[in-house]
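Novice: I am attaching a structure below and will ask some questions about it afterwards.
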Amino acid sequence: MARVLREVLRSGEFVVTSEIGPPKGSDVSKMSHHIEMLKDKVHALNVTDNQSSVMRYPSLGGAILIKERGGEPILQMTCRDRNRLALQGDLLFAYSRGIRNVLCLTGDAVPVGDHKTAKSVFDLDSTQLLRAIRTLESGKDMGGNTIEGKVEFCAGAIVTPEARPLEPQLMKFEKKVDCGAEFFQTQAIYDMDNFRRFMEYAGRFPVKILAGIVLLTSAKMAKYMTENVPGIFVPQTLIDELAQAPKGQALKKGIEIAARMVRAIKEEGLCAGVHIMAIGREEVVPEILQAAGIGFNGHKASDAGT
Amino acid sequence: MLLSQQKPLEEILGFLEREKNIFIFGCNGCAEASGTGGKPQVLEMKEALEKAGKKVTGFSVVDFLCQKALVQSRLRGKTKELKAADSILAMTCGVGVQAVAAVSNKITHPACNTLPLGGMRGEWQGSERCQECGDCVLDMTGGICPLTACSKFLLNGACGGTTKEGKCEVDQEMECGWRLIYERLEKLGQVEKLRQVYDPKDHSKMMPPKGLRLSERWALEQGK
């Protein structure tokens, strides 16, 4: 059985998490394959929640599948599609099914997805969802009513080290810490100097930071991300490196870059660990880990060799 | 018509806690009709503030506080009084507060909550919008409403969807409301206000109040 994430975070080991994107539909065979492939190679697996506002198989369903297969799920919960009743109810359900980790997100806007005419909810935001979890843990729901049975979650949130302007982003980060976030998975980072500066600041807080590593698959993708995706900066040197890769070798180069970053973060002890996102290419995550020299069995205390 | 209701005096005095010299704006439009921002209410407020130890440097009752050009022309006639004030108290609807905040360059506090009427009536020319949430938060946000300026109506700061140009991910033509709020607070030296964690909105306040629904005027409007 997998070790619980909170324990791993507290152990001081280099923490590795990755993510699974649920299918568009009810056929979970591919997702199950990804779970089998990754569950023993990382400490925990996120399941995205209607990512990019595209309707999919629910994160709760994916998290249960991971749990059933002996992995450690991190349930991603956005505030876009559910009001406070539904979010609290889902938290109770998740807990009853053995899910112990939640990543609290505000969620992408409805118009960026595939149901542009939908009503967006945002009854709560990420900070308020974190607080709602801590409220449930105290034995009360948000309406002040007593709930039966205990609830306990290792709650996390996200932070964008490359946000500009940075000051309000850091203030929101601190609010999330105040509201009970124990760990943070960052938006993709590519510039190590910027990340070092961010960690000089974030390292002062009693939370674990997992650096977001998003696999670059081509120079074109890298260029698109740095120009268009909010909160992402890809240095020109990396774009050039990808562009210079031999034809058909860009993905390999992307894996190499991701592995190099993971290795650097680990060797420098920059932060508690990494969160690897290979959006749609989950099958290459083991390659990234191998190339980064992360060869542990995720469910055992690797250093102790038990 | 926007219907407003004065906030409790304690809440208003809380906004003004660190300020001594206050300029009051009233409105002869909807706020006068609501009995919240006409001259009598402005004078009452002046007295209440003075009783609480504040100095009222001056006041002005403008025909329509939602009209920025009009507000600006009144501001010009009150330069001295405004300069002497630490902040402005706007006794009007959410649109009026935002219009004053936009043109005054001063910390502008809302004195009222704007009550929901169950739908928008009429139109106004400015860019300020009021959701009639019944629990005005403009004091915390530099006089820019997060419920209408942010496409996700967030209360605790920007999401991750602010583009590199400072626009909203939803629409490249739309400014990120929280970037505007941050810039305004920065200009006013109030960025620290962003540290407050806001509780979720009380959505029950977004329904037209029962007293209003039972009123004769409401019945007339519904053609009953």
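Labels for the structure tokens follow display order: chains A, B, ..., residues from 1 in each chain, ligands from 1.
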Using DSSP on the backbone coordinates, identify all residues within region 3-217 of chain B classified as alpha helix (DSSP H); present the result as a ChimeraX atom specification.
Specialist: /B:9-15,30-34,39-51,68-77,79-84,94-104,146-149,177-187,210-213,216-217
Novice: Taking only C-alpha atoms into account, what are the residues of chain B at most 10 Å from chain A, put as a PyMOL selection string?
Specialist: chain B and resi 151-171+178-179+182-183+191-192+194-203
Novice: For N, CA and C atoms, I'd like the residues from the last selection saved as a CSV table (one decimal), in the first residue's frame.
Specialist:
```csv
chain,number,residue,atom,x,y,z
B,151,SER,N,-14.2,38.2,-13.9
B,151,SER,CA,-15.1,37.3,-14.6
B,151,SER,C,-15.5,36.1,-13.7
B,152,LYS,N,-14.7,35.9,-12.7
B,152,LYS,CA,-15.1,34.8,-11.8
B,152,LYS,C,-15.6,35.3,-10.4
B,153,PHE,N,-15.9,36.6,-10.4
B,153,PHE,CA,-16.4,37.3,-9.2
B,153,PHE,C,-15.6,36.8,-7.9
B,154,LEU,N,-14.3,36.7,-8.0
B,154,LEU,CA,-13.5,36.3,-6.9
B,154,LEU,C,-13.3,37.4,-5.9
B,155,LEU,N,-13.2,37.0,-4.6
B,155,LEU,CA,-13.1,37.9,-3.5
B,155,LEU,C,-11.7,38.0,-2.9
B,156,ASN,N,-10.8,37.0,-3.2
B,156,ASN,CA,-9.6,36.9,-2.6
B,156,ASN,C,-8.4,37.1,-3.5
B,157,GLY,N,-8.5,37.8,-4.5
B,157,GLY,CA,-7.4,38.1,-5.4
B,157,GLY,C,-7.5,37.4,-6.7
B,158,ALA,N,-6.5,37.7,-7.6
B,158,ALA,CA,-6.6,37.2,-9.0
B,158,ALA,C,-6.4,35.7,-9.0
B,159,CYS,N,-7.0,35.1,-10.0
B,159,CYS,CA,-6.7,33.6,-10.2
B,159,CYS,C,-5.5,33.5,-11.1
B,160,GLY,N,-5.2,32.4,-11.6
B,160,GLY,CA,-4.0,32.2,-12.4
B,160,GLY,C,-4.2,32.6,-13.9
B,161,GLY,N,-5.3,33.2,-14.2
B,161,GLY,CA,-5.7,33.4,-15.6
B,161,GLY,C,-5.4,34.8,-16.1
B,162,THR,N,-4.6,35.6,-15.4
B,162,THR,CA,-4.3,36.9,-15.9
B,162,THR,C,-3.2,36.8,-17.0
B,163,THR,N,-3.5,37.3,-18.2
B,163,THR,CA,-2.6,37.2,-19.3
B,163,THR,C,-1.4,38.1,-19.1
B,164,LYS,N,-0.4,37.9,-19.9
B,164,LYS,CA,0.8,38.7,-19.8
B,164,LYS,C,0.6,40.2,-20.0
B,165,GLU,N,-0.5,40.5,-20.7
B,165,GLU,CA,-0.9,41.9,-20.9
B,165,GLU,C,-1.8,42.4,-19.8
B,166,GLY,N,-2.0,41.6,-18.8
B,166,GLY,CA,-2.9,42.0,-17.7
B,166,GLY,C,-4.3,41.9,-18.0
B,167,LYS,N,-4.7,41.1,-19.0
B,167,LYS,CA,-6.1,41.0,-19.4
B,167,LYS,C,-6.6,39.7,-18.7
B,168,CYS,N,-8.0,39.5,-18.9
B,168,CYS,CA,-8.6,38.3,-18.4
B,168,CYS,C,-8.5,37.2,-19.4
B,169,GLU,N,-8.3,36.0,-18.9
B,169,GLU,CA,-8.2,34.8,-19.9
B,169,GLU,C,-9.4,34.6,-20.7
B,170,VAL,N,-10.6,35.1,-20.2
B,170,VAL,CA,-11.8,34.9,-20.8
B,170,VAL,C,-12.0,35.7,-22.1
B,171,ASP,N,-11.4,36.9,-22.0
B,171,ASP,CA,-11.6,37.9,-23.1
B,171,ASP,C,-10.4,38.8,-23.2
B,178,TRP,N,-8.7,42.1,-10.9
B,178,TRP,CA,-7.9,42.1,-9.8
B,178,TRP,C,-6.6,42.8,-10.0
B,179,ARG,N,-6.1,42.9,-11.3
B,179,ARG,CA,-5.0,43.7,-11.6
B,179,ARG,C,-5.3,45.2,-11.4
B,182,TYR,N,-5.4,45.9,-7.8
B,182,TYR,CA,-4.1,45.9,-7.2
B,182,TYR,C,-3.4,47.3,-7.5
B,183,GLU,N,-3.5,47.7,-8.8
B,183,GLU,CA,-2.9,49.0,-9.2
B,183,GLU,C,-3.5,50.1,-8.5
B,191,VAL,N,-2.1,48.5,-0.5
B,191,VAL,CA,-2.0,47.2,-0.9
B,191,VAL,C,-2.2,46.1,0.2
B,192,GLU,N,-1.9,46.5,1.4
B,192,GLU,CA,-2.0,45.6,2.5
B,192,GLU,C,-3.5,45.1,2.7
B,194,LEU,N,-5.1,43.7,0.6
B,194,LEU,CA,-5.2,42.4,-0.1
B,194,LEU,C,-5.0,41.2,0.8
B,195,ARG,N,-4.4,41.5,2.0
B,195,ARG,CA,-4.1,40.4,2.9
B,195,ARG,C,-5.3,39.8,3.6
B,196,GLN,N,-6.4,40.6,3.6
B,196,GLN,CA,-7.6,40.1,4.3
B,196,GLN,C,-8.2,38.9,3.6
B,197,VAL,N,-8.5,37.9,4.3
B,197,VAL,CA,-9.2,36.7,3.7
B,197,VAL,C,-10.7,37.0,3.8
B,198,TYR,N,-11.4,37.0,2.6
B,198,TYR,CA,-12.8,37.3,2.6
B,198,TYR,C,-13.6,36.0,2.7
B,199,ASP,N,-14.6,35.9,3.6
B,199,ASP,CA,-15.4,34.8,3.7
B,199,ASP,C,-16.3,34.7,2.4
B,200,PRO,N,-16.8,33.5,2.1
B,200,PRO,CA,-17.7,33.4,1.0
B,200,PRO,C,-18.9,34.4,1.1
B,201,LYS,N,-19.3,34.9,-0.1
B,201,LYS,CA,-20.5,35.8,-0.1
B,201,LYS,C,-21.7,35.2,0.5
B,202,ASP,N,-22.5,36.1,1.2
B,202,ASP,CA,-23.8,35.7,1.7
B,202,ASP,C,-24.8,35.9,0.5
B,203,HIS,N,-25.1,34.8,-0.2
B,203,HIS,CA,-25.9,35.0,-1.4
B,203,HIS,C,-27.4,35.3,-1.1
```
Novice: Show which residues sit within 6 Å of region 85-99 of chain B, as a PDB file with N, CA and C atoms, in the first residue's frame. Count only C-alpha atoms, and ignore same-chain residues fewer than 4 positions away.
Specialist:
```pdb
ATOM      1  N   SER B   4     -30.445  51.706  -2.567  1.00  0.00           N
ATOM      2  CA  SER B   4     -29.367  51.534  -1.587  1.00  0.00           C
ATOM      3  C   SER B   4     -29.898  51.643  -0.169  1.00  0.00           C
ATOM      4  N   GLU B  19      -8.504  57.182   9.698  1.00  0.00           N
ATOM      5  CA  GLU B  19      -8.587  58.482   9.046  1.00  0.00           C
ATOM      6  C   GLU B  19      -9.332  59.485   9.919  1.00  0.00           C
ATOM      7  N   ASN B  21      -9.855  63.114   8.676  1.00  0.00           N
ATOM      8  CA  ASN B  21     -10.522  64.135   7.868  1.00  0.00           C
ATOM      9  C   ASN B  21     -11.264  63.505   6.692  1.00  0.00           C
ATOM     10  N   ILE B  22     -12.564  63.740   6.676  1.00  0.00           N
ATOM     11  CA  ILE B  22     -13.404  63.034   5.702  1.00  0.00           C
ATOM     12  C   ILE B  22     -14.175  64.032   4.833  1.00  0.00           C
ATOM     13  N   PHE B  23     -14.256  63.736   3.552  1.00  0.00           N
ATOM     14  CA  PHE B  23     -15.128  64.493   2.648  1.00  0.00           C
ATOM     15  C   PHE B  23     -16.314  63.602   2.304  1.00  0.00           C
ATOM     16  N   ILE B  24     -17.526  64.156   2.347  1.00  0.00           N
ATOM     17  CA  ILE B  24     -18.721  63.329   2.080  1.00  0.00           C
ATOM     18  C   ILE B  24     -19.334  63.679   0.726  1.00  0.00           C
ATOM     19  N   PHE B  25     -19.621  62.663  -0.047  1.00  0.00           N
ATOM     20  CA  PHE B  25     -20.372  62.848  -1.281  1.00  0.00           C
ATOM     21  C   PHE B  25     -21.774  62.257  -1.120  1.00  0.00           C
ATOM     22  N   GLY B  26     -22.780  63.031  -1.511  1.00  0.00           N
ATOM     23  CA  GLY B  26     -24.141  62.508  -1.584  1.00  0.00           C
ATOM     24  C   GLY B  26     -24.577  62.505  -3.030  1.00  0.00           C
ATOM     25  N   ALA B  31     -29.891  57.565  -4.873  1.00  0.00           N
ATOM     26  CA  ALA B  31     -29.593  57.536  -3.433  1.00  0.00           C
ATOM     27  C   ALA B  31     -30.527  58.474  -2.680  1.00  0.00           C
ATOM     28  N   GLY B  37     -28.702  59.081   0.415  1.00  0.00           N
ATOM     29  CA  GLY B  37     -27.601  59.955  -0.007  1.00  0.00           C
ATOM     30  C   GLY B  37     -28.032  61.346  -0.415  1.00  0.00           C
ATOM     31  N   LEU B  65     -24.131  60.748  -9.078  1.00  0.00           N
ATOM     32  CA  LEU B  65     -22.741  60.397  -8.760  1.00  0.00           C
ATOM     33  C   LEU B  65     -22.194  59.344  -9.719  1.00  0.00           C
ATOM     34  N   CYS B  66     -23.085  58.667 -10.423  1.00  0.00           N
ATOM     35  CA  CYS B  66     -22.622  57.645 -11.362  1.00  0.00           C
ATOM     36  C   CYS B  66     -22.037  58.278 -12.620  1.00  0.00           C
ATOM     37  N   LYS B  68     -19.346  60.227 -14.210  1.00  0.00           N
ATOM     38  CA  LYS B  68     -17.998  60.644 -13.820  1.00  0.00           C
ATOM     39  C   LYS B  68     -17.677  62.090 -14.208  1.00  0.00           C
ATOM     40  N   LYS B 106      -8.580  59.271  -4.608  1.00  0.00           N
ATOM     41  CA  LYS B 106      -8.554  59.214  -3.142  1.00  0.00           C
ATOM     42  C   LYS B 106      -9.208  57.932  -2.665  1.00  0.00           C
ATOM     43  N   ILE B 107      -8.831  57.507  -1.477  1.00  0.00           N
ATOM     44  CA  ILE B 107      -9.495  56.359  -0.874  1.00  0.00           C
ATOM     45  C   ILE B 107     -10.980  56.702  -0.754  1.00  0.00           C
ATOM     46  N   THR B 108     -11.818  55.851  -1.298  1.00  0.00           N
ATOM     47  CA  THR B 108     -13.256  56.122  -1.290  1.00  0.00           C
ATOM     48  C   THR B 108     -13.993  54.982  -0.594  1.00  0.00           C
ATOM     49  N   HIS B 109     -14.689  55.305   0.471  1.00  0.00           N
ATOM     50  CA  HIS B 109     -15.413  54.287   1.225  1.00  0.00           C
ATOM     51  C   HIS B 109     -16.890  54.277   0.851  1.00  0.00           C
ATOM     52  N   PRO B 110     -17.494  53.109   0.763  1.00  0.00           N
ATOM     53  CA  PRO B 110     -18.940  53.063   0.523  1.00  0.00           C
ATOM     54  C   PRO B 110     -19.692  53.247   1.843  1.00  0.00           C
ATOM     55  N   ALA B 111     -20.732  54.064   1.822  1.00  0.00           N
ATOM     56  CA  ALA B 111     -21.549  54.227   3.021  1.00  0.00           C
ATOM     57  C   ALA B 111     -22.791  53.353   2.955  1.00  0.00           C
ATOM     58  N   THR B 114     -25.859  48.187  -1.802  1.00  0.00           N
ATOM     59  CA  THR B 114     -26.821  48.308  -2.883  1.00  0.00           C
ATOM     60  C   THR B 114     -27.665  47.045  -2.895  1.00  0.00           C
ATOM     61  N   GLU B 128     -18.358  51.415 -14.734  1.00  0.00           N
ATOM     62  CA  GLU B 128     -18.582  50.820 -13.430  1.00  0.00           C
ATOM     63  C   GLU B 128     -19.893  50.036 -13.420  1.00  0.00           C
ATOM     64  N   ARG B 129     -19.836  48.876 -12.799  1.00  0.00           N
ATOM     65  CA  ARG B 129     -21.025  48.037 -12.715  1.00  0.00           C
ATOM     66  C   ARG B 129     -21.244  47.616 -11.265  1.00  0.00           C
ATOM     67  N   CYS B 130     -22.506  47.521 -10.887  1.00  0.00           N
ATOM     68  CA  CYS B 130     -22.856  47.094  -9.538  1.00  0.00           C
ATOM     69  C   CYS B 130     -23.764  45.881  -9.643  1.00  0.00           C
ATOM     70  N   GLY B 143     -12.296  50.724  -4.388  1.00  0.00           N
ATOM     71  CA  GLY B 143     -13.410  51.302  -5.128  1.00  0.00           C
ATOM     72  C   GLY B 143     -13.601  50.696  -6.500  1.00  0.00           C
ATOM     73  N   ILE B 144     -13.145  49.461  -6.684  1.00  0.00           N
ATOM     74  CA  ILE B 144     -13.425  48.736  -7.930  1.00  0.00           C
ATOM     75  C   ILE B 144     -14.110  47.438  -7.512  1.00  0.00           C
TER      76      ILE B 144
END
```
Novice: Could you give me, as number ranges by chain, the residues within 12 Å of Gln236 (chain A), counting only C-alpha atoms and dropping anything in the same chain fewer than 5 positions from it?
Specialist: A: 190-191, 219-220, 222-227, 241-243
Novice: Take the residues from that selection and put them in a file with N, CA, C and O atoms, as a compact mmCIF listing (two decimals), in the first residue's frame.
Specialist:
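See part-v2.txt below for the written result:
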```txt
# COMPACT_ATOMS: atom_id res chain seq x y z
N TYR A 190 10.47 27.20 -15.44
CA TYR A 190 11.55 26.85 -16.37
C TYR A 190 12.82 27.63 -16.10
O TYR A 190 13.89 27.23 -16.51
N ASP A 191 12.68 28.77 -15.43
CA ASP A 191 13.85 29.61 -15.18
C ASP A 191 14.32 29.38 -13.75
O ASP A 191 13.67 29.78 -12.79
N ALA A 219 9.72 23.06 -29.76
CA ALA A 219 10.06 24.48 -29.65
C ALA A 219 8.81 25.32 -29.84
O ALA A 219 8.62 26.35 -29.18
N LYS A 220 7.93 24.84 -30.72
CA LYS A 220 6.70 25.58 -31.00
C LYS A 220 5.81 25.66 -29.75
O LYS A 220 5.28 26.72 -29.41
N ALA A 222 6.83 25.38 -26.66
CA ALA A 222 7.51 26.20 -25.66
C ALA A 222 7.29 27.68 -25.95
O ALA A 222 7.03 28.48 -25.05
N LYS A 223 7.37 28.03 -27.22
CA LYS A 223 7.19 29.42 -27.64
C LYS A 223 5.75 29.85 -27.37
O LYS A 223 5.49 30.94 -26.86
N TYR A 224 4.84 28.96 -27.71
CA TYR A 224 3.42 29.27 -27.49
C TYR A 224 3.17 29.51 -25.99
O TYR A 224 2.51 30.48 -25.61
N MET A 225 3.72 28.63 -25.17
CA MET A 225 3.48 28.75 -23.73
C MET A 225 4.02 30.06 -23.17
O MET A 225 3.34 30.75 -22.41
N THR A 226 5.24 30.39 -23.55
CA THR A 226 5.84 31.59 -22.97
C THR A 226 5.13 32.85 -23.46
O THR A 226 5.06 33.86 -22.76
N GLU A 227 4.58 32.78 -24.68
CA GLU A 227 3.90 33.97 -25.21
C GLU A 227 2.45 34.07 -24.78
O GLU A 227 1.91 35.17 -24.66
N GLU A 241 17.19 25.32 -27.59
CA GLU A 241 17.66 23.95 -27.39
C GLU A 241 16.69 22.96 -28.06
O GLU A 241 17.10 22.02 -28.74
N LEU A 242 15.40 23.22 -27.88
CA LEU A 242 14.39 22.36 -28.49
C LEU A 242 14.41 22.49 -30.01
O LEU A 242 14.27 21.51 -30.75
N ALA A 243 14.59 23.74 -30.48
CA ALA A 243 14.58 23.99 -31.94
C ALA A 243 15.76 23.30 -32.61
O ALA A 243 15.68 22.88 -33.78
```
Novice: Compare A:Glu162, A:Gly62, A:Gln51, A:Arg197 by their minimum atom-to-atom distance to Ser29 (chain A), counting only C-alpha atoms, and give me the closest one.
Specialist: A:Gly62
Novice: Identify which of the residues B:Cys150, B:Glu175, B:Gln6, B:Leu13 lies closest to Gln41 (chain B), counting only C-alpha atoms when measuring atom-to-atom distances.
Specialist: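 Checking each of B:Cys150, B:Glu175, B:Gln6, B:Leu13 against Gln41 (chain B), counting only C-alpha atoms, the winner is B:Gln6.
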Novice: Extract the full set of strand (DSSP E) residues from region 37-91 of chain B according to DSSP on the backbone, and format it as JSON, numbers by chain.
Specialist: {"B": [55, 56, 57, 58, 59, 60, 61, 62, 87, 88, 89, 90]}
Novice: Taking 6 positions as the minimum chain separation for residues in the same chain, which residues sit within 8 Å of Leu136 (chain A) when counting only C-alpha atoms? Answer as a PyMOL selection string.
Specialist: chain A and resi 88+142+147+151
Novice: If we count only C-alpha atoms and set the cut-off at 6 Å, which residues sit around Ala181 (chain A), ignoring sequence neighbours fewer than 4 positions away in its own chain? Please answer as a list in words.
Specialist: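 Answer for this query is Ala155, Gly156, Lys176 and Val177 of chain A.
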Novice: For the atom pair CA of Glu132 (chain B) and CA of Ala33 (chain B), what is the interatomic distance in Å to one decimal place?
Specialist: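 Between CA of Glu132 (chain B) and CA of Ala33 (chain B) the gap is 16.2 Å.
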Novice: Take CA of Ile181 (chain B) and CA of Val137 (chain B) and report the distance between them in Å, one decimal.
Specialist: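 Answer for the CA of Ile181 (chain B) to CA of Val137 (chain B) separation: 12.0 Å.
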Novice: Please list as an mmCIF file with N, CA, C and O atoms, in the first residue's frame every residue within 8 Å of Ser104 (chain B), counting only C-alpha atoms and excluding residues in the same chain fewer than 2 positions away.
Specialist:
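Full text of part.cif as output:
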```cif
data_model
loop_
_atom_site.group_PDB
_atom_site.id
_atom_site.type_symbol
_atom_site.label_atom_id
_atom_site.label_comp_id
_atom_site.auth_asym_id
_atom_site.auth_seq_id
_atom_site.Cartn_x
_atom_site.Cartn_y
_atom_site.Cartn_z
ATOM 1 N N GLN B 72 -16.473 64.862 -11.660
ATOM 2 C CA GLN B 72 -15.210 65.565 -11.872
ATOM 3 C C GLN B 72 -15.403 67.084 -11.795
ATOM 4 O O GLN B 72 -14.592 67.784 -11.178
ATOM 5 N N LEU B 75 -15.733 68.009 -8.252
ATOM 6 C CA LEU B 75 -14.460 67.881 -7.539
ATOM 7 C C LEU B 75 -13.647 69.163 -7.703
ATOM 8 O O LEU B 75 -13.016 69.643 -6.768
ATOM 9 N N VAL B 100 -16.748 57.732 -8.145
ATOM 10 C CA VAL B 100 -15.991 58.685 -7.328
ATOM 11 C C VAL B 100 -14.550 58.197 -7.164
ATOM 12 O O VAL B 100 -13.586 58.948 -7.328
ATOM 13 N N ALA B 101 -14.402 56.890 -6.867
ATOM 14 C CA ALA B 101 -13.059 56.323 -6.683
ATOM 15 C C ALA B 101 -12.242 56.466 -7.961
ATOM 16 O O ALA B 101 -11.044 56.737 -7.922
ATOM 17 N N ALA B 102 -12.902 56.316 -9.094
ATOM 18 C CA ALA B 102 -12.182 56.351 -10.370
ATOM 19 C C ALA B 102 -11.665 57.743 -10.696
ATOM 20 O O ALA B 102 -10.592 57.887 -11.275
ATOM 21 N N LYS B 106 -8.580 59.271 -4.608
ATOM 22 C CA LYS B 106 -8.554 59.214 -3.142
ATOM 23 C C LYS B 106 -9.208 57.932 -2.665
ATOM 24 O O LYS B 106 -10.045 57.361 -3.369
#
```
Novice: Looking at A:Val28, A:Ile35, A:Val214, A:Val42, which one is nearest to Tyr57 (chain A), with distances taken over only C-alpha atoms?
Specialist: A:Val28
Novice: State, in Å with one decimal place, the distance from CA of His33 (chain A) to CA of Ile276 (chain A).
Specialist: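 Atom-to-atom, CA of His33 (chain A) to CA of Ile276 (chain A), that is 17.5 Å.
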